[in-house]
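Q: You'll find data15.cif just under this line, and it carries mmCIF, C-alpha atoms and all ligand atoms.
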data_data
#
loop_
_atom_site.label_atom_id
_atom_site.label_comp_id
_atom_site.auth_asym_id
_atom_site.auth_seq_id
_atom_site.Cartn_x
_atom_site.Cartn_y
_atom_site.Cartn_z
CA MET A 1 107.17 107.65 71.75
CA THR A 2 109.32 104.84 73.19
CA ALA A 3 110.95 107.39 75.50
CA LEU A 4 107.52 108.44 76.77
CA ILE A 5 106.46 104.84 77.44
CA ASN A 6 109.73 103.84 79.09
CA MET A 7 110.27 107.27 80.63
CA PRO A 8 113.87 106.94 81.78
CA ARG A 9 114.46 108.45 85.20
CA ILE A 10 115.93 111.96 84.93
CA VAL A 11 117.01 113.79 88.09
CA ALA A 12 117.44 117.55 87.81
CA VAL A 13 117.86 120.30 90.40
CA GLU A 14 114.44 121.66 91.31
CA VAL A 15 113.90 125.41 91.36
CA LEU A 16 112.74 125.41 94.99
CA ASP A 17 116.09 123.92 96.01
CA THR A 18 117.92 126.92 94.54
CA LEU A 19 115.89 129.53 96.45
CA ALA A 20 116.52 130.93 99.93
CA ALA A 21 113.97 129.86 102.53
CA VAL A 22 112.63 133.43 102.83
CA ASP A 23 112.39 134.10 99.08
CA PRO A 24 108.74 135.01 98.32
CA ALA A 25 108.74 132.57 95.39
CA ALA A 26 109.88 129.78 97.75
CA ARG A 27 107.21 130.67 100.30
CA ARG A 28 104.61 130.60 97.54
CA SER A 29 105.85 127.22 96.33
CA ARG A 30 105.64 125.73 99.83
CA ARG A 31 102.03 126.95 100.08
CA ASP A 32 101.35 125.43 96.62
CA LEU A 33 102.75 122.15 97.88
CA GLN A 34 99.96 121.90 100.44
CA ARG A 35 97.44 122.17 97.60
CA VAL A 36 99.38 119.61 95.56
CA HIS A 37 99.21 117.24 98.52
CA ARG A 38 95.43 117.58 98.60
CA VAL A 39 95.24 116.61 94.91
CA MET A 40 97.71 113.75 95.42
CA ARG A 41 95.80 112.61 98.53
CA THR A 42 99.14 112.41 100.29
CA ARG A 43 97.66 112.64 103.76
CA ALA A 44 95.46 109.56 103.30
CA ILE A 45 98.26 107.63 101.59
CA LEU A 46 100.74 108.41 104.35
CA HIS A 47 98.19 107.69 107.05
CA GLN A 48 97.56 104.20 105.73
CA ALA A 49 101.25 103.45 105.10
CA LEU A 50 102.27 104.72 108.55
CA GLN A 51 99.63 102.55 110.23
CA LEU A 52 100.99 99.51 108.40
CA SER A 53 104.58 100.50 109.13
CA VAL A 54 104.16 100.63 112.88
CA ALA A 55 101.71 97.73 113.25
CA SER A 56 104.56 95.51 114.44
CA HIS A 57 105.47 98.16 117.01
CA SER A 58 102.06 98.16 118.72
CA GLY A 59 102.07 98.00 122.48
CA LYS A 60 105.37 99.88 122.78
CA ALA A 61 105.51 102.92 125.04
CA SER A 62 106.67 105.43 122.44
CA LEU A 63 107.94 105.80 118.89
CA ARG A 64 111.03 107.58 117.59
CA ILE A 65 110.44 108.85 114.06
CA LEU A 66 112.74 110.79 111.73
CA GLU A 67 111.34 112.58 108.69
CA LEU A 68 113.89 113.33 105.96
CA GLY A 69 113.30 116.45 103.85
CA ALA A 70 110.43 117.42 106.11
CA GLY A 71 110.00 120.93 104.70
CA ASP A 72 107.89 123.11 106.98
CA GLY A 73 106.59 120.07 108.90
CA SER A 74 102.97 120.81 107.95
CA LEU A 75 102.34 117.61 106.01
CA MET A 76 103.39 115.32 108.88
CA LEU A 77 101.40 117.52 111.28
CA SER A 78 98.23 116.94 109.26
CA VAL A 79 98.84 113.18 109.42
CA ALA A 80 99.76 113.35 113.12
CA ARG A 81 96.34 114.90 113.85
CA ASP A 82 94.70 111.72 112.51
CA LEU A 83 97.12 109.31 114.17
CA ALA A 84 97.67 110.87 117.58
CA PRO A 85 94.42 109.64 119.24
CA THR A 86 95.38 105.97 118.74
CA TRP A 87 99.18 106.12 118.72
CA PRO A 88 101.68 106.06 121.57
CA PRO A 89 103.57 109.32 122.15
CA VAL A 90 105.95 110.12 119.28
CA GLU A 91 109.38 111.72 119.43
CA LEU A 92 109.63 113.25 115.97
CA THR A 93 112.70 114.79 114.36
CA LEU A 94 112.07 116.93 111.28
CA LEU A 95 115.25 116.99 109.18
CA ASP A 96 115.71 119.46 106.34
CA ARG A 97 118.65 121.44 105.06
CA GLN A 98 116.56 124.59 105.36
CA ASP A 99 115.22 125.95 108.62
CA LEU A 100 111.52 125.96 107.72
CA VAL A 101 109.56 124.77 110.75
CA ASP A 102 108.03 127.59 112.80
CA HIS A 103 107.28 127.64 116.54
CA GLU A 104 103.54 127.40 115.95
CA THR A 105 103.99 124.08 114.13
CA ILE A 106 106.14 122.68 116.95
CA LYS A 107 103.50 123.82 119.45
CA CYS A 108 100.75 122.07 117.45
CA TYR A 109 102.73 118.81 117.59
CA GLY A 110 103.05 119.28 121.35
CA GLU A 111 99.29 119.65 121.72
CA LEU A 112 98.94 116.22 120.10
CA GLY A 113 101.40 114.68 122.56
CA TRP A 114 104.15 114.49 119.95
CA THR A 115 107.55 115.97 120.80
CA ALA A 116 108.91 117.57 117.64
CA VAL A 117 112.43 118.91 117.15
CA THR A 118 114.19 120.09 114.02
CA SER A 119 117.52 119.07 112.57
CA VAL A 120 118.82 121.53 110.00
CA VAL A 121 121.37 119.54 108.05
CA ASP A 122 122.03 118.30 104.54
CA VAL A 123 120.83 114.69 104.44
CA LEU A 124 124.03 113.62 102.69
CA ASP A 125 126.03 114.91 105.67
CA TRP A 126 123.60 113.05 107.95
CA ALA A 127 124.17 109.90 105.89
CA ALA A 128 127.94 110.30 106.04
CA GLU A 129 128.11 110.92 109.81
CA LYS A 130 130.82 108.77 111.27
CA SER A 131 129.09 108.24 114.61
CA ASP A 132 128.14 104.75 113.52
CA ALA A 133 129.86 103.17 116.51
CA ALA A 134 126.70 104.12 118.40
CA PRO A 135 124.36 105.60 115.80
CA VAL A 136 121.10 107.19 116.82
CA ARG A 137 118.45 104.60 116.03
CA TRP A 138 114.92 105.27 114.84
CA ASP A 139 111.85 103.08 114.97
CA LEU A 140 110.84 104.58 111.64
CA ILE A 141 112.32 106.89 109.02
CA VAL A 142 109.89 108.61 106.65
CA ALA A 143 110.53 110.50 103.40
CA ASN A 144 107.83 112.23 101.38
CA LEU A 145 108.58 113.76 97.97
CA PHE A 146 112.23 113.54 98.89
CA LEU A 147 114.09 110.45 97.63
CA HIS A 148 113.50 111.55 94.05
CA HIS A 149 116.03 114.37 94.55
CA PHE A 150 118.81 111.76 94.50
CA GLU A 151 120.36 109.20 92.19
CA GLY A 152 123.46 107.07 91.81
CA ALA A 153 125.99 106.99 94.63
CA GLN A 154 124.16 109.64 96.67
CA LEU A 155 120.92 107.66 96.68
CA ALA A 156 122.82 104.46 97.49
CA ASP A 157 124.59 106.15 100.42
CA LEU A 158 121.33 107.56 101.69
CA LEU A 159 119.52 104.21 101.59
CA ALA A 160 122.49 102.50 103.23
CA ALA A 161 122.46 105.04 106.08
CA ILE A 162 118.73 104.47 106.54
CA THR A 163 119.20 100.70 106.85
CA ARG A 164 121.94 101.25 109.46
CA ARG A 165 119.86 103.56 111.60
CA SER A 166 116.28 102.38 111.44
CA ASP A 167 114.13 99.25 111.63
CA ARG A 168 111.46 100.64 109.30
CA PHE A 169 111.42 102.96 106.31
CA LEU A 170 108.60 104.52 104.38
CA ALA A 171 108.93 106.65 101.24
CA CYS A 172 106.14 108.28 99.28
CA GLU A 173 107.39 109.68 95.97
CA PRO A 174 106.11 110.94 92.63
CA ARG A 175 105.06 108.15 90.29
CA ARG A 176 106.91 108.31 86.97
CA ASP A 177 104.25 107.56 84.37
CA TRP A 178 102.51 109.37 81.56
CA PHE A 179 99.37 110.10 83.60
CA ALA A 180 101.31 111.79 86.43
CA LEU A 181 103.40 113.61 83.83
CA ALA A 182 100.30 114.97 82.11
CA ALA A 183 98.86 116.08 85.46
CA SER A 184 102.16 117.72 86.45
CA HIS A 185 101.77 120.04 83.47
CA LEU A 186 98.40 121.15 84.81
CA THR A 187 99.32 122.39 88.31
CA GLY A 188 98.47 125.91 87.13
CA VAL A 189 94.83 124.79 87.25
CA ILE A 190 95.01 124.60 91.06
CA GLY A 191 96.65 128.03 91.18
CA ALA A 192 100.29 126.92 91.51
CA GLY A 193 102.97 129.53 90.83
CA ALA A 194 105.84 129.32 88.35
CA VAL A 195 108.23 127.47 90.70
CA THR A 196 105.75 124.70 91.48
CA ARG A 197 104.65 124.43 87.86
CA GLU A 198 108.24 123.75 86.82
CA ASP A 199 109.18 121.57 89.79
CA ALA A 200 106.09 119.36 89.45
CA VAL A 201 107.22 118.28 85.98
CA LEU A 202 110.83 117.77 87.11
CA SER A 203 109.60 115.71 90.08
CA VAL A 204 107.67 113.29 87.89
CA HIS A 205 110.68 112.79 85.58
CA ALA A 206 112.78 112.03 88.71
CA GLY A 207 110.09 109.86 90.29
CA PHE A 208 109.96 106.08 90.60
CA ARG A 209 108.02 103.18 89.13
CA LYS A 210 107.74 99.39 89.32
CA LYS A 211 110.31 97.98 91.81
CA GLU A 212 113.02 100.58 91.30
CA ILE A 213 113.54 101.42 94.97
CA THR A 214 113.47 97.73 95.92
CA ALA A 215 116.26 97.13 93.40
CA LEU A 216 118.34 99.81 95.12
CA TRP A 217 117.56 98.71 98.69
CA PRO A 218 120.96 97.67 100.03
CA ALA A 219 119.94 94.81 102.28
CA ASN A 220 119.83 91.04 102.07
CA GLY A 221 116.40 89.78 101.10
CA ASP A 222 116.05 87.75 104.29
CA GLU A 223 116.70 90.69 106.60
CA TRP A 224 114.04 93.11 105.35
CA ARG A 225 110.45 92.73 104.29
CA VAL A 226 109.85 95.24 101.48
CA GLN A 227 106.80 96.37 99.58
CA GLU A 228 106.70 98.81 96.66
CA TYR A 229 103.41 99.93 95.18
CA SER A 230 101.42 102.60 93.38
CA ALA A 231 99.16 104.70 95.59
CA GLY A 232 96.43 107.07 94.50
CA PHE A 233 96.73 108.54 91.02
CA PHE A 234 100.20 110.04 91.30
CA SER A 235 102.20 108.42 94.12
CA HIS A 236 104.68 105.59 94.38
CA CYS A 237 105.38 104.15 97.82
CA PHE A 238 108.08 101.95 99.31
CA ARG A 239 107.91 100.31 102.73
CA ALA A 240 110.65 98.30 104.37
CA GLU A 241 110.68 96.59 107.74
CA ARG A 242 113.55 94.77 109.35
CA VAL A 243 112.66 91.14 109.98
CA GLU A 244 113.71 90.10 113.43
CA ARG A 245 116.10 87.20 113.24
CA MET A 246 114.82 83.96 114.74
CA GLU A 247 116.90 82.96 117.70
CA VAL A 248 118.91 79.81 117.07
CA ARG A 249 118.42 77.42 119.98
C1 LIG B 1 109.47 118.72 97.73
S1 LIG B 1 109.92 119.26 99.32
C2 LIG B 1 108.97 118.10 100.32
C3 LIG B 1 108.66 118.63 101.70
C4 LIG B 1 107.77 117.69 102.53
N1 LIG B 1 108.39 116.39 102.70
C5 LIG B 1 106.42 117.54 101.86
O1 LIG B 1 106.17 116.49 101.24
O2 LIG B 1 105.62 118.48 101.96
C6 LIG B 1 111.58 118.63 99.47
C7 LIG B 1 112.28 119.10 100.74
O3 LIG B 1 113.55 118.46 100.75
C8 LIG B 1 114.52 119.38 101.22
N2 LIG B 1 115.83 118.95 100.70
C9 LIG B 1 116.23 118.89 99.41
N3 LIG B 1 117.48 118.41 99.34
C10 LIG B 1 117.89 118.19 100.61
C11 LIG B 1 119.09 117.69 101.19
N4 LIG B 1 120.16 117.37 100.43
N5 LIG B 1 119.15 117.57 102.54
C12 LIG B 1 118.09 117.89 103.32
N6 LIG B 1 116.93 118.37 102.83
C13 LIG B 1 116.83 118.52 101.48
C14 LIG B 1 114.07 120.72 100.69
O4 LIG B 1 114.61 121.79 101.46
C15 LIG B 1 112.54 120.59 100.80
O5 LIG B 1 112.08 121.10 102.02
#
Please lay out the structure from this file as structure tokens.
Ligand SMILES: C[S@@+](CC[C@H](N)C(=O)[O-])C[C@H]1O[C@@H](n2cnc3c(N)ncnc32)[C@H](O)[C@@H]1O

A:
Amino acid sequence: MTALINMPRIVAVEVLDTLAAVDPAARRSRRDLQRVHRVMRTRAILHQALQLSVASHSGKASLRILELGAGDGSLMLSVARDLAPTWPPVELTLLDRQDLVDHETIKCYGELGWTAVTSVVDVLDWAAEKSDAAPVRWDLIVANLFLHHFEGAQLADLLAAITRRSDRFLACEPRRDWFALAASHLTGVIGAGAVTREDAVLSVHAGFRKKEITALWPANGDEWRVQEYSAGFFSHCFRAERVERMEVR
């Protein structure tokens, strides 16, 4: 009972991560994920968080955004459709260790005025890149259902790389609580296949709660403004924004 209330964070390899991109079970799971997002209301949650994240960037000519663990790029595309009419042009890089984004998706981004490219790389290699003398910088890095794959030194390295390369960060992750756990056992109700049914439960156990990401954020309190909060019924979000230093006269 105590274990259920406290729910210690447990990170395990998800089934989808063991399957080849073209495996029919993996394809099915990625389609399931779109249904899971509808139940989680991910699109609305991301929309709101993205608006807040770039509010301080308003008036700029364009935005450079990196999505980590972007999957097939369809989730960000659905959010881009809502944002594009009022946003400046976006240069978007979709990073994933699997090559999952098809030409049609890239074309759809283009029709919105967003330039989308893919980067097929393991994020831990990205984090360890030694090009930090002149690192590529992003206005915003986004991660959805992604940070929860990591713990310990790997998560610390990943967050440290994000702080070196971006002025803003937004993560939307599974919320680790009994309600989300109960719901994760019911994904069969929305027609999810075996891979998603298993991964949904693993994801909640690996999810976040309270101020856990804030506690791991590797920056001095006066350099970053951070906010960590529950969103919807099942999500846990973290936003960080670099605070521009006041010039000393
Ligand atoms: C649960 S899916 C989320 C996809 C998308 N962000 C969404 O919310 O629909 C996690 C994604 O992370 C990718 N991934 C897992 N581990 C990774 C790693 N070490 N480096 C890069 N991508 C990784 C997987 O290939 C998968 O596409």

Q: Would you write out, as a Markdown table, a table of all residues in range 81-109 of chain A that have an atom no more than 7 Å from an atom of range 46-64 of chain A, listing for each the closest atom pair and the distance in Å to one decimal, considering only C-alpha atoms and ordering rows by chain and rising residue number?

A:
| residue | atom | partner | partner_atom | distance |
| --- | --- | --- | --- | --- |
| A:Pro88 | CA | A:Ser62 | CA | 5.1 |
| A:Pro89 | CA | A:Ser62 | CA | 5.0 |
| A:Val90 | CA | A:Leu63 | CA | 4.8 |
| A:Glu91 | CA | A:Arg64 | CA | 4.8 |
| A:Leu92 | CA | A:Arg64 | CA | 6.1 |

Q: Just want the 7 Å neighbourhood of range 69-76 of chain A, counted on all atoms listed in the file, with same-chain residues fewer than 3 positions away dropped. Output as a ChimeraX atom specification.

A: /A:79-80,94-96,100-101,143,146

Q: Let me make sure I understand: among A:Ser203, A:Thr18, A:Ser166, A:Thr93, which one has the smallest atom-to-atom distance to Ser184 in chain A if we use all atoms listed in the file?

A: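 Of the candidates, the smallest distance to Ser184 in chain A is held by A:Ser203.
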
Q: What is the atom C6 of ligand LIG 1 (chain B)-CA of Leu145 in chain A distance in Å, reported with one decimal?

A: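 Between atom C6 of ligand LIG 1 (chain B) and CA of Leu145 in chain A the gap works out to 5.9 Å.
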
Q: Calculated over all atoms listed in the file, which of the candidates A:Tyr229, A:Phe234, A:Phe179, A:Trp126 has the smallest distance to Arg165 in chain A?

A: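 Of all the options, A:Trp126 lies closest to Arg165 in chain A.
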